[in-house]
file input-v5.txt (compact mmCIF, C-alpha atoms and all ligand atoms)
# COMPACT_ATOMS: atom_id res chain seq x y z
CA MET A 458 -49.02 5.44 -35.64
CA THR A 459 -49.81 5.41 -39.36
CA GLN A 460 -47.67 3.60 -41.89
CA GLY A 461 -46.74 6.93 -43.44
CA SER A 462 -45.37 8.37 -40.21
CA THR A 463 -43.38 5.11 -39.51
CA LYS A 464 -41.83 5.46 -42.92
CA SER A 465 -40.89 9.07 -42.39
CA THR A 466 -39.35 8.20 -38.97
CA ASP A 467 -37.31 5.45 -40.62
CA GLU A 468 -36.27 7.87 -43.34
CA ALA A 469 -35.20 10.44 -40.76
CA LEU A 470 -33.29 7.82 -38.70
CA ALA A 471 -31.42 6.24 -41.60
CA PRO A 472 -28.90 9.06 -42.27
CA LEU A 473 -28.36 9.62 -38.53
CA ARG A 474 -27.58 5.92 -38.04
CA LYS A 475 -25.27 6.06 -41.02
CA ARG A 476 -23.35 8.86 -39.32
CA ILE A 477 -23.24 6.85 -36.08
CA ASP A 478 -21.90 3.82 -38.01
CA GLU A 479 -19.11 5.91 -39.52
CA LEU A 480 -18.22 7.44 -36.13
CA ASP A 481 -18.20 3.95 -34.56
CA ARG A 482 -15.77 2.82 -37.25
CA GLN A 483 -13.48 5.74 -36.43
CA ILE A 484 -13.80 5.12 -32.66
CA VAL A 485 -12.82 1.44 -33.11
CA GLU A 486 -9.84 2.52 -35.24
CA LEU A 487 -8.78 5.02 -32.57
CA LEU A 488 -9.30 2.55 -29.72
CA ASN A 489 -7.09 0.03 -31.46
CA ALA A 490 -4.47 2.69 -32.20
CA ARG A 491 -4.50 3.40 -28.43
CA ALA A 492 -4.32 -0.33 -27.68
CA LYS A 493 -1.21 -0.68 -29.88
CA VAL A 494 0.54 2.00 -27.80
CA VAL A 495 -0.59 0.16 -24.64
CA VAL A 496 1.07 -3.02 -25.97
CA GLU A 497 4.32 -1.02 -26.26
CA VAL A 498 3.80 0.26 -22.67
CA GLY A 499 3.56 -3.41 -21.68
CA HIS A 500 6.90 -4.20 -23.38
CA VAL A 501 8.58 -1.33 -21.52
CA LYS A 502 7.06 -2.39 -18.18
CA ARG A 503 7.99 -6.04 -18.51
CA GLY A 504 11.55 -5.25 -19.61
CA GLY A 505 14.31 -3.78 -17.43
CA ALA A 506 13.17 -2.68 -14.00
CA ALA A 507 9.77 -4.43 -14.25
CA ALA A 508 7.26 -1.67 -13.42
CA PRO A 509 3.80 -2.49 -12.00
CA ILE A 510 1.15 -3.06 -14.69
CA TYR A 511 -1.52 -1.18 -12.71
CA ALA A 512 -0.41 2.43 -12.32
CA PRO A 513 -2.89 4.18 -9.95
CA GLU A 514 -1.21 7.56 -10.44
CA ARG A 515 -1.48 7.30 -14.24
CA GLU A 516 -5.08 6.04 -13.97
CA LYS A 517 -5.94 9.16 -11.99
CA ALA A 518 -4.17 11.45 -14.51
CA VAL A 519 -5.92 9.77 -17.47
CA LEU A 520 -9.36 10.12 -15.87
CA GLU A 521 -8.75 13.75 -14.92
CA GLN A 522 -7.65 14.52 -18.48
CA ILE A 523 -10.79 12.87 -19.87
CA ARG A 524 -12.94 15.08 -17.63
CA GLN A 525 -11.04 18.14 -18.88
CA TYR A 526 -11.45 17.15 -22.56
CA ASN A 527 -15.17 16.57 -22.04
CA THR A 528 -17.37 19.34 -23.41
CA GLY A 529 -20.58 17.23 -23.32
CA PRO A 530 -23.27 16.24 -23.87
CA LEU A 531 -22.01 12.96 -22.32
CA PRO A 532 -21.66 13.29 -18.53
CA ASP A 533 -18.19 12.81 -16.99
CA ALA A 534 -19.38 9.69 -15.13
CA CYS A 535 -20.28 8.00 -18.42
CA LEU A 536 -16.89 8.74 -19.98
CA GLU A 537 -15.15 7.66 -16.78
CA ALA A 538 -16.94 4.28 -16.88
CA ILE A 539 -15.90 3.82 -20.53
CA TRP A 540 -12.27 4.69 -19.78
CA ARG A 541 -12.16 2.40 -16.75
CA GLU A 542 -13.23 -0.46 -18.99
CA LEU A 543 -10.68 0.62 -21.60
CA MET A 544 -7.91 0.56 -18.99
CA SER A 545 -9.15 -2.88 -17.90
CA GLY A 546 -8.53 -3.97 -21.51
CA SER A 547 -5.05 -2.41 -21.26
CA PHE A 548 -4.17 -4.74 -18.37
CA ALA A 549 -5.09 -7.74 -20.49
CA LEU A 550 -2.82 -6.43 -23.29
CA GLU A 551 0.12 -5.68 -20.98
CA ARG A 552 -0.10 -8.72 -18.68
CA PRO A 553 -3.26 -10.41 -17.38
CA LEU A 554 -3.85 -9.25 -13.80
CA ARG A 555 -5.26 -11.36 -10.99
CA VAL A 556 -7.39 -9.49 -8.46
CA GLY A 557 -8.50 -11.14 -5.21
CA TYR A 558 -11.42 -10.28 -2.96
CA LEU A 559 -13.41 -11.72 -0.05
CA GLY A 560 -15.76 -14.22 -1.65
CA PRO A 561 -17.81 -15.98 -2.64
CA ALA A 562 -18.61 -14.08 -5.85
CA GLY A 563 -21.22 -11.35 -5.43
CA SER A 564 -19.75 -9.84 -2.24
CA PHE A 565 -19.42 -6.06 -1.97
CA SER A 566 -15.64 -6.56 -2.25
CA HIS A 567 -16.33 -8.28 -5.60
CA LEU A 568 -18.49 -5.33 -6.65
CA ALA A 569 -15.75 -2.87 -5.62
CA ALA A 570 -13.14 -4.94 -7.50
CA ARG A 571 -15.25 -5.03 -10.67
CA ARG A 572 -15.92 -1.28 -10.57
CA LYS A 573 -12.22 -0.54 -10.05
CA PHE A 574 -10.61 -3.09 -12.39
CA GLY A 575 -13.35 -3.73 -14.98
CA SER A 576 -14.19 -6.90 -16.84
CA SER A 577 -10.85 -7.78 -18.49
CA VAL A 578 -8.94 -8.97 -15.41
CA GLU A 579 -9.08 -12.35 -13.69
CA TYR A 580 -10.87 -12.45 -10.35
CA ASP A 581 -10.13 -14.82 -7.51
CA ASN A 582 -12.39 -15.10 -4.50
CA VAL A 583 -10.82 -16.09 -1.20
CA ASP A 584 -12.35 -17.37 2.03
CA ASP A 585 -11.56 -14.54 4.43
CA ILE A 586 -9.89 -11.12 4.63
CA PRO A 587 -6.52 -12.34 6.02
CA ALA A 588 -6.36 -14.76 3.06
CA VAL A 589 -6.47 -11.78 0.62
CA PHE A 590 -3.30 -10.49 2.33
CA GLU A 591 -1.66 -13.95 2.23
CA GLU A 592 -2.46 -14.43 -1.45
CA ILE A 593 -0.72 -11.10 -2.22
CA LEU A 594 2.39 -12.13 -0.30
CA ARG A 595 2.46 -15.55 -1.96
CA GLY A 596 2.23 -13.89 -5.38
CA HIS A 597 -0.98 -15.76 -6.25
CA ILE A 598 -2.81 -12.49 -6.90
CA ASP A 599 -1.47 -9.07 -8.01
CA TYR A 600 -4.03 -6.91 -6.19
CA GLY A 601 -6.54 -7.42 -3.40
CA LEU A 602 -9.68 -5.46 -2.44
CA VAL A 603 -10.29 -5.23 1.31
CA PRO A 604 -12.93 -3.14 3.13
CA ILE A 605 -11.35 -0.66 5.54
CA GLU A 606 -14.26 1.38 6.91
CA ASN A 607 -17.96 1.97 6.48
CA SER A 608 -19.65 5.34 6.84
CA ALA A 609 -22.24 3.94 9.28
CA ILE A 610 -20.36 1.41 11.38
CA GLY A 611 -16.73 2.55 11.20
CA GLY A 612 -13.56 0.48 10.91
CA ILE A 613 -13.49 -3.12 9.70
CA GLY A 614 -11.56 -4.90 12.47
CA GLU A 615 -10.64 -7.95 10.41
CA THR A 616 -8.85 -5.82 7.80
CA LEU A 617 -7.09 -3.61 10.34
CA ASP A 618 -5.90 -6.73 12.21
CA ALA A 619 -4.62 -8.29 9.00
CA PHE A 620 -2.21 -5.34 8.56
CA LEU A 621 -0.53 -6.35 11.84
CA ASN A 622 0.48 -9.70 10.36
CA ALA A 623 1.20 -9.05 6.68
CA GLU A 624 3.56 -6.57 5.06
CA VAL A 625 1.58 -5.46 2.06
CA GLN A 626 1.29 -1.98 0.56
CA VAL A 627 -1.86 0.07 0.14
CA CYS A 628 -1.72 1.39 -3.45
CA ALA A 629 -5.26 2.77 -4.02
CA GLU A 630 -8.59 3.40 -2.32
CA VAL A 631 -12.09 2.81 -3.70
CA LEU A 632 -15.37 4.27 -2.43
CA ILE A 633 -18.50 2.24 -3.11
CA ASN A 634 -22.13 3.06 -2.35
CA ILE A 635 -23.48 0.04 -0.47
CA HIS A 636 -27.09 -0.75 -1.25
CA HIS A 637 -28.42 -3.75 0.64
CA ASN A 638 -31.30 -5.91 -0.58
CA LEU A 639 -33.41 -8.54 1.10
CA LEU A 640 -33.04 -11.53 -1.21
CA SER A 641 -35.29 -14.56 -0.97
CA ASN A 642 -37.21 -16.96 -3.14
CA ALA A 643 -39.81 -17.32 -0.35
CA GLN A 644 -42.71 -14.90 0.18
CA PRO A 645 -41.76 -12.32 2.86
CA ASP A 646 -44.27 -13.71 5.42
CA GLN A 647 -42.73 -17.20 5.01
CA ILE A 648 -39.18 -16.06 5.84
CA THR A 649 -37.95 -17.53 9.14
CA ARG A 650 -34.21 -16.92 8.87
CA ILE A 651 -32.09 -14.03 7.49
CA TYR A 652 -28.41 -14.66 6.77
CA SER A 653 -25.81 -11.94 6.36
CA LYS A 654 -22.42 -10.59 7.40
CA PRO A 655 -22.75 -8.97 10.87
CA GLU A 656 -21.75 -5.56 9.44
CA ALA A 657 -24.58 -5.75 6.86
CA ILE A 658 -27.12 -6.74 9.53
CA ALA A 659 -25.94 -3.72 11.57
CA GLN A 660 -26.33 -1.41 8.55
CA CYS A 661 -30.00 -2.46 8.16
CA ARG A 662 -30.83 -2.38 11.88
CA LYS A 663 -33.72 0.13 11.61
CA TRP A 664 -35.38 -1.66 8.69
CA LEU A 665 -35.03 -5.03 10.45
CA SER A 666 -36.53 -3.66 13.67
CA VAL A 667 -39.76 -2.88 11.79
CA GLN A 668 -39.87 -5.55 9.07
CA LEU A 669 -39.60 -9.34 9.39
CA GLN A 670 -39.26 -9.18 13.16
CA GLN A 671 -40.19 -12.88 13.35
CA ALA A 672 -37.11 -13.98 11.40
CA GLU A 673 -33.94 -15.14 13.14
CA LYS A 674 -30.83 -13.12 12.10
CA VAL A 675 -27.91 -15.46 11.43
CA PRO A 676 -24.39 -14.04 10.97
CA VAL A 677 -22.21 -15.62 8.28
CA ALA A 678 -18.75 -14.84 6.81
CA SER A 679 -19.94 -12.74 3.85
CA THR A 680 -23.08 -11.32 2.22
CA SER A 681 -22.53 -13.52 -0.84
CA LYS A 682 -22.25 -16.64 1.36
CA ALA A 683 -25.62 -15.52 2.77
CA ALA A 684 -27.08 -15.30 -0.75
CA GLU A 685 -25.75 -18.79 -1.53
CA LEU A 686 -27.52 -20.14 1.59
CA ALA A 687 -30.75 -18.29 0.75
CA ALA A 688 -30.69 -19.90 -2.71
CA THR A 689 -30.72 -23.44 -1.30
CA GLU A 690 -32.61 -23.23 2.01
CA PRO A 691 -36.42 -22.92 2.00
CA ASN A 692 -37.81 -19.96 4.01
CA ALA A 693 -34.35 -18.38 4.17
CA ALA A 694 -33.35 -14.88 3.09
CA ALA A 695 -30.11 -12.96 2.76
CA ILE A 696 -29.07 -9.34 3.04
CA ALA A 697 -26.73 -8.90 0.10
CA SER A 698 -26.00 -7.04 -3.13
CA SER A 699 -28.25 -7.25 -6.19
CA LEU A 700 -25.19 -8.73 -7.95
CA ALA A 701 -25.32 -11.66 -5.48
CA GLY A 702 -29.06 -12.01 -6.21
CA GLU A 703 -28.29 -12.29 -9.94
CA LEU A 704 -25.38 -14.70 -9.50
CA TYR A 705 -27.21 -17.09 -7.15
CA ASP A 706 -30.63 -16.66 -8.67
CA VAL A 707 -32.39 -15.28 -5.59
CA LYS A 708 -35.12 -12.65 -6.01
CA VAL A 709 -34.85 -9.13 -4.64
CA GLN A 710 -37.85 -8.90 -2.26
CA PHE A 711 -36.94 -5.47 -0.86
CA ALA A 712 -34.31 -3.18 -2.37
CA ASN A 713 -32.20 -0.49 -0.63
CA ILE A 714 -32.96 -1.57 2.95
CA GLU A 715 -29.86 0.12 4.44
CA ASP A 716 -30.60 2.62 7.23
CA ASN A 717 -28.58 5.34 5.52
CA PRO A 718 -28.97 5.76 1.74
CA GLN A 719 -25.49 7.37 1.68
CA ASN A 720 -24.09 4.13 3.13
CA THR A 721 -20.56 4.03 1.70
CA THR A 722 -17.67 1.65 2.23
CA ARG A 723 -14.05 2.56 1.63
CA PHE A 724 -11.88 -0.24 0.30
CA PHE A 725 -8.10 -0.43 0.07
CA VAL A 726 -6.41 -1.92 -2.94
CA ILE A 727 -3.46 -3.84 -1.50
CA ALA A 728 -0.41 -4.93 -3.49
CA ARG A 729 3.26 -5.83 -3.17
CA GLN A 730 4.30 -2.36 -4.37
CA ALA A 731 3.40 1.24 -3.59
CA SER A 732 1.94 3.92 -5.81
CA LYS A 733 3.70 7.01 -7.17
CA PRO A 734 2.70 10.59 -6.16
CA THR A 735 -0.09 12.39 -8.02
CA GLY A 736 -0.14 15.67 -6.07
CA ASP A 737 -3.39 14.65 -4.32
CA ASP A 738 -2.57 11.60 -2.21
CA LYS A 739 -3.01 10.06 1.20
CA THR A 740 -0.58 8.07 3.32
CA SER A 741 -1.72 5.35 5.67
CA VAL A 742 0.33 4.61 8.79
CA MET A 743 -0.03 2.14 11.66
CA PHE A 744 1.70 2.71 14.99
CA THR A 745 1.78 1.69 18.61
CA THR A 746 2.92 3.87 21.51
CA GLU A 747 4.12 3.38 25.04
CA HIS A 748 1.30 2.98 27.57
CA ALA A 749 1.92 6.41 29.12
CA ALA A 750 -0.02 9.65 29.63
CA GLY A 751 -0.04 11.75 26.44
CA ALA A 752 1.75 9.12 24.29
CA LEU A 753 -0.86 9.26 21.51
CA VAL A 754 -1.13 13.06 21.71
CA ASN A 755 2.65 13.34 21.20
CA VAL A 756 2.35 11.53 17.86
CA LEU A 757 -0.70 13.50 16.73
CA ASP A 758 1.02 16.76 17.74
CA VAL A 759 3.75 16.00 15.21
CA PHE A 760 1.20 15.67 12.41
CA ARG A 761 -0.41 18.95 13.49
CA ASP A 762 2.96 20.73 13.71
CA PHE A 763 3.76 19.68 10.13
CA GLY A 764 0.30 20.85 9.00
CA LEU A 765 -0.75 17.35 7.89
CA ASN A 766 -4.51 16.85 7.75
CA MET A 767 -5.73 13.54 9.17
CA THR A 768 -8.64 11.95 7.27
CA HIS A 769 -9.00 8.75 9.28
CA ILE A 770 -8.09 7.39 12.71
CA ASP A 771 -8.86 3.98 14.15
CA LYS A 772 -7.55 1.68 16.82
CA ARG A 773 -7.29 -2.07 17.39
CA PRO A 774 -6.14 -4.01 20.45
CA SER A 775 -2.59 -5.39 20.02
CA LYS A 776 -3.81 -8.81 21.24
CA ARG A 777 -0.42 -9.25 22.91
CA VAL A 778 -0.83 -7.04 25.97
CA ASN A 779 -4.22 -6.09 27.39
CA TRP A 780 -5.18 -2.43 26.74
CA GLU A 781 -2.27 -1.92 24.36
CA TYR A 782 -3.44 -0.58 20.99
CA TYR A 783 -2.39 -0.17 17.39
CA PHE A 784 -3.51 3.11 15.85
CA PHE A 785 -4.27 3.55 12.16
CA VAL A 786 -4.05 7.05 10.69
CA ASP A 787 -4.51 8.37 7.15
CA LEU A 788 -2.70 11.63 6.40
CA VAL A 789 -3.10 13.89 3.38
CA GLY A 790 0.10 13.78 1.31
CA HIS A 791 2.50 11.24 -0.22
CA ILE A 792 5.44 9.65 1.59
CA GLU A 793 7.74 10.91 -1.21
CA GLU A 794 6.83 14.51 -0.25
CA GLU A 795 9.52 16.01 1.97
CA LYS A 796 6.98 17.30 4.55
CA VAL A 797 5.26 13.92 4.95
CA ARG A 798 8.52 11.96 5.09
CA HIS A 799 9.91 14.35 7.70
CA ALA A 800 6.72 14.27 9.82
CA ILE A 801 6.71 10.49 9.84
CA GLU A 802 10.38 10.38 10.89
CA GLU A 803 9.54 12.73 13.77
CA ALA A 804 6.38 10.81 14.72
CA ARG A 805 8.37 7.56 14.77
CA LYS A 806 10.43 8.95 17.67
CA HIS A 807 7.26 8.92 19.82
CA CYS A 808 6.21 5.38 18.84
CA LEU A 809 7.27 1.91 19.89
CA GLN A 810 6.74 0.96 16.26
CA LEU A 811 5.45 2.80 13.18
CA THR A 812 4.79 1.21 9.78
CA VAL A 813 3.92 3.11 6.61
CA LEU A 814 1.18 1.02 5.00
CA GLY A 815 1.39 2.97 1.74
CA SER A 816 0.65 6.17 -0.15
CA PHE A 817 -2.10 6.25 -2.75
CA PRO A 818 -4.16 8.69 -4.86
CA ARG A 819 -7.09 10.16 -2.94
CA ALA A 820 -10.40 8.76 -4.28
CA LYS A 821 -12.71 11.59 -5.32
CA GLU A 822 -15.74 9.77 -6.69
CA VAL A 823 -17.98 7.14 -5.17
CA LEU A 824 -17.97 4.38 -7.80
O1 LIG A 901 0.27 4.19 -18.69
C1 LIG A 901 0.31 3.07 -18.19
O2 LIG A 901 1.11 2.78 -17.28
C2 LIG A 901 -0.60 2.02 -18.67
O3 LIG A 901 -0.50 0.89 -18.23
C3 LIG A 901 -1.70 2.36 -19.63
C4 LIG A 901 -3.01 2.61 -18.91
C5 LIG A 901 -4.01 3.17 -19.99
O4 LIG A 901 -4.71 2.36 -20.59
O5 LIG A 901 -4.03 4.39 -20.20
C6 LIG A 901 -3.54 1.35 -18.37
C7 LIG A 901 -3.81 1.11 -17.08
C8 LIG A 901 -3.68 2.12 -16.00
O6 LIG A 901 -3.05 1.56 -14.90
C9 LIG A 901 -3.00 3.34 -16.49
C10 LIG A 901 -2.83 3.60 -17.83

call {"tool": "encode", "arguments": {"input": "input-v5.txt", "output": "structure tokens", "more": "lines below"}}
Ligand SMILES: O=C(O)C(=O)C[C@]1(C(=O)O)C=C[C@H](O)C=C1
result
Amino acid sequence: MTQGSTKSTDEALAPLRKRIDELDRQIVELLNARAKVVVEVGHVKRGGAAAPIYAPEREKAVLEQIRQYNTGPLPDACLEAIWRELMSGSFALERPLRVGYLGPAGSFSHLAARRKFGSSVEYDNVDDIPAVFEEILRGHIDYGLVPIENSAIGGIGETLDAFLNAEVQVCAEVLINIHHNLLSNAQPDQITRIYSKPEAIAQCRKWLSVQLQQAEKVPVASTSKAAELAATEPNAAAIASSLAGELYDVKVQFANIEDNPQNTTRFFVIARQASKPTGDDKTSVMFTTEHAAGALVNVLDVFRDFGLNMTHIDKRPSKRVNWEYYFFVDLVGHIEEEKVRHAIEEARKHCLQLTVLGSFPRAKEVL
């Protein structure tokens, strides 16, 4: 490029950048005007009948409105990411929130928590999934992220079991695309051991059956724990997120090694309080029935009779009596809707026990 053309580019850019500077000034002014209103929202919420700081139903309405206002050229996903971060800042202005997840840092639960709650909340990593539930009940954290099901391997038993022992509420759901990476600071042909969470090993089964067959697969409590081990042990590798690779300083040797590129995990956000209706919600229930012919069908018939669509069903052994099960069902609708409330009352008549785990806005996007 000649000096003349550089100069003319600079000359052409200068007024455009000046306009951007002026717009940035106005955006900052507007963002702070918004933030001042958020501070007032915080006063209202902390006074009187202390309302929850995180309002999933309002979050959904705000994001939908942003999509409606958007006439481009910015894509909706870009604006949504900006507004999520803005709302994260709102939490800090109203009352700092503590969000717990299965650690150590860099786990997919951490990733889900960061995508949902942004960078202005405090994060706490806990040792196992039941501990996320306990920390909610003890009031040490305000919200917890727990994996509920994966598109390839189904329900996460540890989370389902934790619902049997802890009375927490499901207040939101989060869908995350799970991309696994083989992390190691050793050359691939030197790797003798691969650490990961059993679910992650299962999600990369095909890749592992062809690649690195010589390496021993060692299950550990989380993918981030695996990354931590791979960082310190020679000839070790981990299957984990790229975030874990960054945090523990372990190189990505192979990216996206999951068998299914659409590999998605659904997380629940658990809390001490429920979420308000949005008009597009789900309700999660857990029940156990008598050990008799047709007992489960009787419950499901009620949901069908009330025209309630079921989006998820799972089962776990009760661990009290052999072959006795707890069923987990997600229904479309909110418990405050007459139809849903009525159906659940009817279904309860066919159950030994039925617990409503919570109603929450239906997640539309994979974050
Ligand atoms: O409207 C509220 O309840 C807020 O707390 C404000 C706000 C926002 O920034 O728009 C913040 C966080 C979300 O939970 C929902 C909305």

call {"tool": "atom_distance", "arguments": {"input": "input-v5.txt", "atom1": "CA of Ala752 (chain A)", "atom2": "CA of Cys808 (chain A)"}}
result
8.0 Å

call {"tool": "residues_near_ligand", "arguments": {"input": "input-v5.txt", "ligand": "ligand LIG 901 (chain A)", "cutoff": "12 Å", "atoms": "all atoms listed in the file", "output": "ChimeraX atom specification"}}
result
/A:488-503,507-523,539-554,573-575,577-578,628-629,732-733

call {"tool": "atom_distance", "arguments": {"input": "input-v5.txt", "atom1": "CA of Leu640 (chain A)", "atom2": "CA of Ala609 (chain A)"}}
result
21.6 Å

call {"tool": "residues_around", "arguments": {"input": "input-v5.txt", "residues": "Asp599 (chain A)", "least_positions_apart": "2", "cutoff": "7 Å", "atoms": "all atoms listed in the file", "output": "JSON, numbers by chain"}}
result
{"A": [554, 555, 556, 593, 596, 597, 728]}

call {"tool": "write_last_selection", "arguments": {"input": "input-v5.txt", "atoms": "C-alpha atoms", "output": "mmCIF file, keeping the file's coordinate frame"}}
result
data_model
loop_
_atom_site.group_PDB
_atom_site.id
_atom_site.type_symbol
_atom_site.label_atom_id
_atom_site.label_comp_id
_atom_site.auth_asym_id
_atom_site.auth_seq_id
_atom_site.Cartn_x
_atom_site.Cartn_y
_atom_site.Cartn_z
ATOM 1 C CA LEU A 554 -3.850 -9.250 -13.800
ATOM 2 C CA ARG A 555 -5.260 -11.360 -10.990
ATOM 3 C CA VAL A 556 -7.390 -9.490 -8.460
ATOM 4 C CA ILE A 593 -0.720 -11.100 -2.220
ATOM 5 C CA GLY A 596 2.230 -13.890 -5.380
ATOM 6 C CA HIS A 597 -0.980 -15.760 -6.250
ATOM 7 C CA ALA A 728 -0.410 -4.930 -3.490
#

call {"tool": "closest_atom_pairs", "arguments": {"input": "input-v5.txt", "of": "region 565-614 of chain A", "to": "region 697-710 of chain A", "cutoff": "12 Å", "atoms": "only C-alpha atoms", "output": "JSON lines"}}
result
{"residue": "A:Phe565", "atom": "CA", "partner": "A:Ser698", "partner_atom": "CA", "distance": 6.8}
{"residue": "A:Ser566", "atom": "CA", "partner": "A:Ser698", "partner_atom": "CA", "distance": 10.4}
{"residue": "A:His567", "atom": "CA", "partner": "A:Leu700", "partner_atom": "CA", "distance": 9.2}
{"residue": "A:Leu568", "atom": "CA", "partner": "A:Leu700", "partner_atom": "CA", "distance": 7.6}
{"residue": "A:Ala569", "atom": "CA", "partner": "A:Ser698", "partner_atom": "CA", "distance": 11.3}
{"residue": "A:Arg571", "atom": "CA", "partner": "A:Leu700", "partner_atom": "CA", "distance": 10.9}

call {"tool": "residues_around", "arguments": {"input": "input-v5.txt", "residues": "region 644-653 of chain A", "least_positions_apart": "6", "cutoff": "9 Å", "atoms": "only C-alpha atoms", "output": "ChimeraX atom specification"}}
result
/A:669,671-684,686-687,691-697,710

call {"tool": "write_last_selection", "arguments": {"input": "input-v5.txt", "atoms": "C-alpha atoms", "output": "PDB file, in the coordinates of the input"}}
result
ATOM      1  CA  LEU A 669     -39.600  -9.340   9.390  1.00  0.00           C
ATOM      2  CA  GLN A 671     -40.190 -12.880  13.350  1.00  0.00           C
ATOM      3  CA  ALA A 672     -37.110 -13.980  11.400  1.00  0.00           C
ATOM      4  CA  GLU A 673     -33.940 -15.140  13.140  1.00  0.00           C
ATOM      5  CA  LYS A 674     -30.830 -13.120  12.100  1.00  0.00           C
ATOM      6  CA  VAL A 675     -27.910 -15.460  11.430  1.00  0.00           C
ATOM      7  CA  PRO A 676     -24.390 -14.040  10.970  1.00  0.00           C
ATOM      8  CA  VAL A 677     -22.210 -15.620   8.280  1.00  0.00           C
ATOM      9  CA  ALA A 678     -18.750 -14.840   6.810  1.00  0.00           C
ATOM     10  CA  SER A 679     -19.940 -12.740   3.850  1.00  0.00           C
ATOM     11  CA  THR A 680     -23.080 -11.320   2.220  1.00  0.00           C
ATOM     12  CA  SER A 681     -22.530 -13.520  -0.840  1.00  0.00           C
ATOM     13  CA  LYS A 682     -22.250 -16.640   1.360  1.00  0.00           C
ATOM     14  CA  ALA A 683     -25.620 -15.520   2.770  1.00  0.00           C
ATOM     15  CA  ALA A 684     -27.080 -15.300  -0.750  1.00  0.00           C
ATOM     16  CA  LEU A 686     -27.520 -20.140   1.590  1.00  0.00           C
ATOM     17  CA  ALA A 687     -30.750 -18.290   0.750  1.00  0.00           C
ATOM     18  CA  PRO A 691     -36.420 -22.920   2.000  1.00  0.00           C
ATOM     19  CA  ASN A 692     -37.810 -19.960   4.010  1.00  0.00           C
ATOM     20  CA  ALA A 693     -34.350 -18.380   4.170  1.00  0.00           C
ATOM     21  CA  ALA A 694     -33.350 -14.880   3.090  1.00  0.00           C
ATOM     22  CA  ALA A 695     -30.110 -12.960   2.760  1.00  0.00           C
ATOM     23  CA  ILE A 696     -29.070  -9.340   3.040  1.00  0.00           C
ATOM     24  CA  ALA A 697     -26.730  -8.900   0.100  1.00  0.00           C
ATOM     25  CA  GLN A 710     -37.850  -8.900  -2.260  1.00  0.00           C
TER      26      GLN A 710
END

call {"tool": "closest_residue", "arguments": {"input": "input-v5.txt", "among": "A:Val742, A:Leu753, A:Ile605, A:Val823", "to": "Glu537 (chain A)", "atoms": "only C-alpha atoms"}}
result
A:Val823

call {"tool": "closest_residue", "arguments": {"input": "input-v5.txt", "among": "A:Asp533, A:Glu685, A:Glu690, A:Glu615", "to": "Ala562 (chain A)", "atoms": "all atoms listed in the file"}}
result
A:Glu685

call {"tool": "closest_residue", "arguments": {"input": "input-v5.txt", "among": "A:Val625, A:Val589, A:Ile658, A:Leu809", "to": "Ile610 (chain A)", "atoms": "all atoms listed in the file"}}
result
A:Ile658

call {"tool": "atom_distance", "arguments": {"input": "input-v5.txt", "atom1": "CA of Asn607 (chain A)", "atom2": "CA of Val813 (chain A)"}}
result
21.9 Å

call {"tool": "residues_around", "arguments": {"input": "input-v5.txt", "residues": "Gly736 (chain A)", "least_positions_apart": "3", "cutoff": "10 Å", "atoms": "all atoms listed in the file", "output": "ChimeraX atom specification"}}
result
/A:514,733,739,790-791,794,818-819

call {"tool": "decode", "arguments": {"input": "input-v5.txt", "residues": "region 742-761 of chain A", "atoms": "C-alpha atoms", "output": "compact mmCIF listing (two decimals), in the first residue's frame"}}
result
# COMPACT_ATOMS: atom_id res chain seq x y z
CA VAL A 742 -42.74 -32.71 38.91
CA MET A 743 -41.37 -35.76 40.72
CA PHE A 744 -43.65 -38.60 41.82
CA THR A 745 -43.74 -42.18 42.96
CA THR A 746 -46.63 -44.59 42.47
CA GLU A 747 -47.85 -47.81 43.99
CA HIS A 748 -46.14 -50.91 42.58
CA ALA A 749 -49.26 -52.03 40.69
CA ALA A 750 -50.26 -52.71 37.08
CA GLY A 751 -51.05 -49.45 35.25
CA ALA A 752 -50.02 -47.17 38.16
CA LEU A 753 -47.75 -45.01 35.99
CA VAL A 754 -50.22 -44.98 33.09
CA ASN A 755 -52.93 -43.65 35.44
CA VAL A 756 -50.79 -40.60 36.21
CA LEU A 757 -49.80 -40.01 32.59
CA ASP A 758 -53.46 -40.38 31.53
CA VAL A 759 -54.30 -37.38 33.71
CA PHE A 760 -51.73 -35.23 31.91
CA ARG A 761 -53.10 -36.39 28.55
